[in-house]
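Since the structure comes first, as structure tokens, the remarks are kept for the end.
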Amino acid sequence: MLALVAMNALWAGPACAGLGGDAAGVAADGAELHGALSSTSLPEYEIDEITTDTGMRVREYLGRDGVVFAVSWSGPVLPDLQRLLGTHYVEYTTALATLTRPGLHRSVRIASSELVVESGGHLRAYAGRAYLPTRVPAGIATADLR
Amino acid sequence: MHPIAHIGALLTAAVLSACIGGKGTTASAPPPPTLNTLTLTVDSGPTAATGQINHGYVTVKVCAPGSQTQCANVDHVLLDTGSVGLRLVRSVLAAGGVTLNAQTDSQGLAIEECVSFGGGQTWGPVALADVTLAGESAAKLPIQILDDTGAGAAPPAACGANGTLLNGVSGFGANGLLGLGVFTQDCGSACVNASTPLPLYYGCTAAGICTAENAALAVQVANPVAMFAADNTGVIINLPKLQNANGDASVQGELIFGIETQTDNALPTTGLTVLGTDANGDFTATFNGSATVLPALMDSGTDSYAFDTTDPAIPVCTMGNLIFSGGYYCPPVAPLSVYAINAGVGVNNASNRVDFAIADPSATFVTTASAFIDLAGGPGSTNFTWGMPFFYGRKIYVGIDQRMAGAYTGPYYAY
């Protein structure tokens with residue numbers, strides 16, 4: 001019954017999804033992807049992993065302050081980055097639009113003091129991640145956010 | 001009598017054969033080999049988007065299915081061994097007088113596709129075309145029309161959300177892509193029976209409402225070489241060494257169809273490294289002694305060696321006109337000598353170390369040139385991509401999934 005209430009709450013309003021979002025947003029992302037959600041708790045943060053039977057995997061890194069400070073993805077197609085980057089999506093597309101030679105490169109990297117996005121791969125195998133440098137818990141290497 | 005009769009017989013035979021085939025060959029001689037070689041040119045790109053670097057182009061003949069007249073020779077189609085399928089810009093086809101209609105699904109919806117490439121996505125309908133490459137042809141081949149004119153349905157919100165739409169000539173710096181990777185279809189089985197269809201193929205209503213749907217293998221955008229009647233085991237890319245360390249104005253080589261099907265595409269008996277790939281089309285590579293095993297591919301569609309690196313940490317170029325979305329590396333002391341070790345997956349599990357150098361393109365590259373060796377980039381990349389610099393001066397073999405060539409069965413890359 002409790003679970004049902006929680007689901008209703010998720011569907012009721014625009015959950016704060018993806019990067020910069022919250023725990024409710026993670027659950028909404030899982031529903032959107034039709035995926036199974038599992039959690040791993042570490043001292044500094046929690047990893048919420050969404051997997052689908054089509055081979056998509058999305059991880060959301062939820063800090064102890066309740067904010068998703070990183071997301072990563074892999075799978076046969078790119079996930080919907082508009083959803084996954086949340087409120088930071090506009091910053092990503094704005095940065096993309098300023099780049100010259102946007103064409104056929106298998107990867108793209110956008111980096112500022114506020115946002116890092118790395119996205120790459122090819123048909124059948126895409127992977128990438130995005131994180132908020134100022135919100136990564138102290139002592140955590142960004143290389144671990146995969 | 002005898003000599004004269006002999007000459008007469010010869011003349012008669014010559015006249016007869018001239019009437020039949022025009023080649024003067026006897027009935028027992030083998031048929032002439034199919035022309036299986038296409039010119040591959042690295043230059044600055046199509047007139048609508050010049051200034052390209054390390055882009056290898058071919059000319060593709062496309063006809064409306066069954067038509068002998070509604071045909072166009074589309075030049076500056078980018079050869080891409082890192083993807084599968086032919087994708088042509090709609091406005092370029094229209095200028096050539098070719099109109100191709102979208103395929104429809106079982107419910108009559110137009111089939112359209114959204115494919116992600118690095119910083120952007122392509123969108124447009126799947127259509128059938130008769131495609132000719134040199135002397136080889138694939139009839140009723142499913143290709144993607146890159147819908148730069150918006151004649152079809154508008155892309156759904158999720159397409160284009162991952163970057164800019166790359167539908168026009170400027171998107172890839174090409175009039176289209178010729179994807180000749182290791183598979184027969186672009187998506188494969190993952191798009192056939194998914195309980196939640198992947199957001200790749202879409203069915204679009206006449207009103208332009210598009211919904212992701214599954215697509216049977218026969219419907220999917222396909223590798224034209226896999227559909228050839230012969231010479232369909234894979235391709236060989238044969239580009240010469242570059243002449244100048246700081247860039248060549250242009251380079252010409254060849255794209256050869258088939259592996260081990262004709263005398264001009266035989267596998268060498270010694271010295272060949274065959275790297276089998278996994279179901280994603282990747283072998284593995286480790287860079288410069290790192291313990292991290294990366295998925296790797298040989299990708300003529302990437303203009304540089306592309307990989308992420310922290311050891312050594314190589315700064316990205318911050319000046320010069322060679323700055324692009326992925327970022328090129330500008331080592332403080334150039335050329336920087338590095339290496340990577342390739343390893344095949346599965347039965348074709350060769351291992352091979354490749355030493356290469358990274359130049360500082362901002363310092364020395366001739367900006368008007370179009371072919372560059374020793375160019376590296378790709379910070380943030382999760383793959384190790386052997387882009388165009390690796391292709392210069394090597395024969396690269398791309399073996400198609402489940403096709404046997406000599407002792408090797410695809411999917412594999414070899415050199």
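By order of appearance in the structure tokens: chains A, B, ..., then residues from 1 within every chain, and ligands from 1 in the order shown.
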With 9 Å as the limit and counting only C-alpha atoms, what residues in chain A lie close to chain B? Please list them as a PyMOL selection string.
chain A and resi 33-34+52-55+76-83+89+92-93+96-110+117-128
Near Ser189 in chain B, counting only C-alpha atoms, which residues have an atom at most 10 Å away, once you skip same-chain residues fewer than 4 positions from it, shown as a VMD selection string?
chain B and resid 185 193 to 194 214 to 217
Kindly save the residues from that selection, with N, CA and C atoms included, as a PDB file, in the first residue's frame.
```pdb
ATOM      1  N   GLN B 185      23.004  -5.351 -40.422  1.00  0.00           N
ATOM      2  CA  GLN B 185      22.010  -4.303 -40.158  1.00  0.00           C
ATOM      3  C   GLN B 185      22.555  -3.326 -39.121  1.00  0.00           C
ATOM      4  N   ASN B 193      12.528  -7.556 -31.305  1.00  0.00           N
ATOM      5  CA  ASN B 193      11.523  -8.098 -30.389  1.00  0.00           C
ATOM      6  C   ASN B 193      11.509  -7.441 -29.017  1.00  0.00           C
ATOM      7  N   ALA B 194      12.009  -6.221 -28.903  1.00  0.00           N
ATOM      8  CA  ALA B 194      12.085  -5.587 -27.588  1.00  0.00           C
ATOM      9  C   ALA B 194      10.688  -5.349 -27.014  1.00  0.00           C
ATOM     10  N   ASN B 214       9.435  -1.578 -32.984  1.00  0.00           N
ATOM     11  CA  ASN B 214      10.419  -2.555 -33.425  1.00  0.00           C
ATOM     12  C   ASN B 214      10.477  -2.594 -34.949  1.00  0.00           C
ATOM     13  N   ALA B 215      11.586  -3.109 -35.473  1.00  0.00           N
ATOM     14  CA  ALA B 215      11.761  -3.221 -36.926  1.00  0.00           C
ATOM     15  C   ALA B 215      12.415  -4.560 -37.230  1.00  0.00           C
ATOM     16  N   ALA B 216      11.792  -5.333 -38.118  1.00  0.00           N
ATOM     17  CA  ALA B 216      12.369  -6.620 -38.522  1.00  0.00           C
ATOM     18  C   ALA B 216      13.712  -6.397 -39.204  1.00  0.00           C
ATOM     19  N   LEU B 217      14.558  -7.418 -39.191  1.00  0.00           N
ATOM     20  CA  LEU B 217      15.893  -7.276 -39.781  1.00  0.00           C
ATOM     21  C   LEU B 217      15.809  -6.800 -41.230  1.00  0.00           C
TER      22      LEU B 217
END
```
Which polymer residues have any atom within 8 Å of an atom of Glu60 in chain A, counting only C-alpha atoms, with same-chain residues fewer than 5 positions away left out, as a compact mmCIF listing (two decimals) with N, CA and C atoms, in the first residue's frame?
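Produced file around_19.txt, reproduced below:
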```txt
# COMPACT_ATOMS: atom_id res chain seq x y z
N GLY A 18 16.64 13.26 -13.13
CA GLY A 18 17.99 13.34 -13.68
C GLY A 18 18.96 14.12 -12.82
N LEU A 19 20.00 14.64 -13.48
CA LEU A 19 21.07 15.36 -12.80
C LEU A 19 20.51 16.57 -12.06
N VAL A 26 14.68 9.94 -9.49
CA VAL A 26 15.32 8.69 -9.90
C VAL A 26 14.27 7.64 -10.19
N ILE A 47 24.16 4.76 -5.05
CA ILE A 47 24.06 4.55 -6.50
C ILE A 47 22.73 3.89 -6.80
N ASP A 48 21.88 4.58 -7.55
CA ASP A 48 20.62 4.00 -7.99
C ASP A 48 20.78 3.58 -9.44
N GLU A 49 20.64 2.29 -9.69
CA GLU A 49 20.89 1.76 -11.03
C GLU A 49 19.59 1.30 -11.68
N VAL A 68 21.03 14.47 -6.84
CA VAL A 68 21.77 13.64 -7.81
C VAL A 68 22.91 14.48 -8.38
N PHE A 69 24.17 14.09 -8.04
CA PHE A 69 25.31 14.89 -8.48
C PHE A 69 26.01 14.31 -9.71
N ALA A 70 25.61 13.10 -10.10
CA ALA A 70 26.20 12.49 -11.31
C ALA A 70 25.23 11.48 -11.89
N VAL A 71 25.29 11.31 -13.20
CA VAL A 71 24.55 10.24 -13.88
C VAL A 71 25.50 9.60 -14.89
N SER A 72 25.30 8.32 -15.14
CA SER A 72 26.07 7.67 -16.20
C SER A 72 25.14 6.75 -16.97
```
Give me, please, the distance in Å between CA of Val366 in chain B and CA of Thr47 in chain B, quoted to one decimal.
20.0 Å
I want to know what sits within 8 Å of Arg57 in chain A, based on only C-alpha atoms, with residues of the same chain fewer than 3 positions away left out; could you give that as an mmCIF file with C-alpha atoms, in the first residue's frame?
```cif
data_model
loop_
_atom_site.group_PDB
_atom_site.id
_atom_site.type_symbol
_atom_site.label_atom_id
_atom_site.label_comp_id
_atom_site.auth_asym_id
_atom_site.auth_seq_id
_atom_site.Cartn_x
_atom_site.Cartn_y
_atom_site.Cartn_z
ATOM 1 C CA GLU A 49 20.890 1.764 -11.029
ATOM 2 C CA ILE A 50 18.183 1.384 -13.676
ATOM 3 C CA THR A 51 18.505 -1.563 -16.060
ATOM 4 C CA THR A 52 16.201 -2.607 -18.880
ATOM 5 C CA TRP A 73 24.651 5.546 -19.002
ATOM 6 C CA SER A 74 25.413 2.708 -21.384
ATOM 7 C CA GLY A 75 23.399 0.749 -23.891
#
```
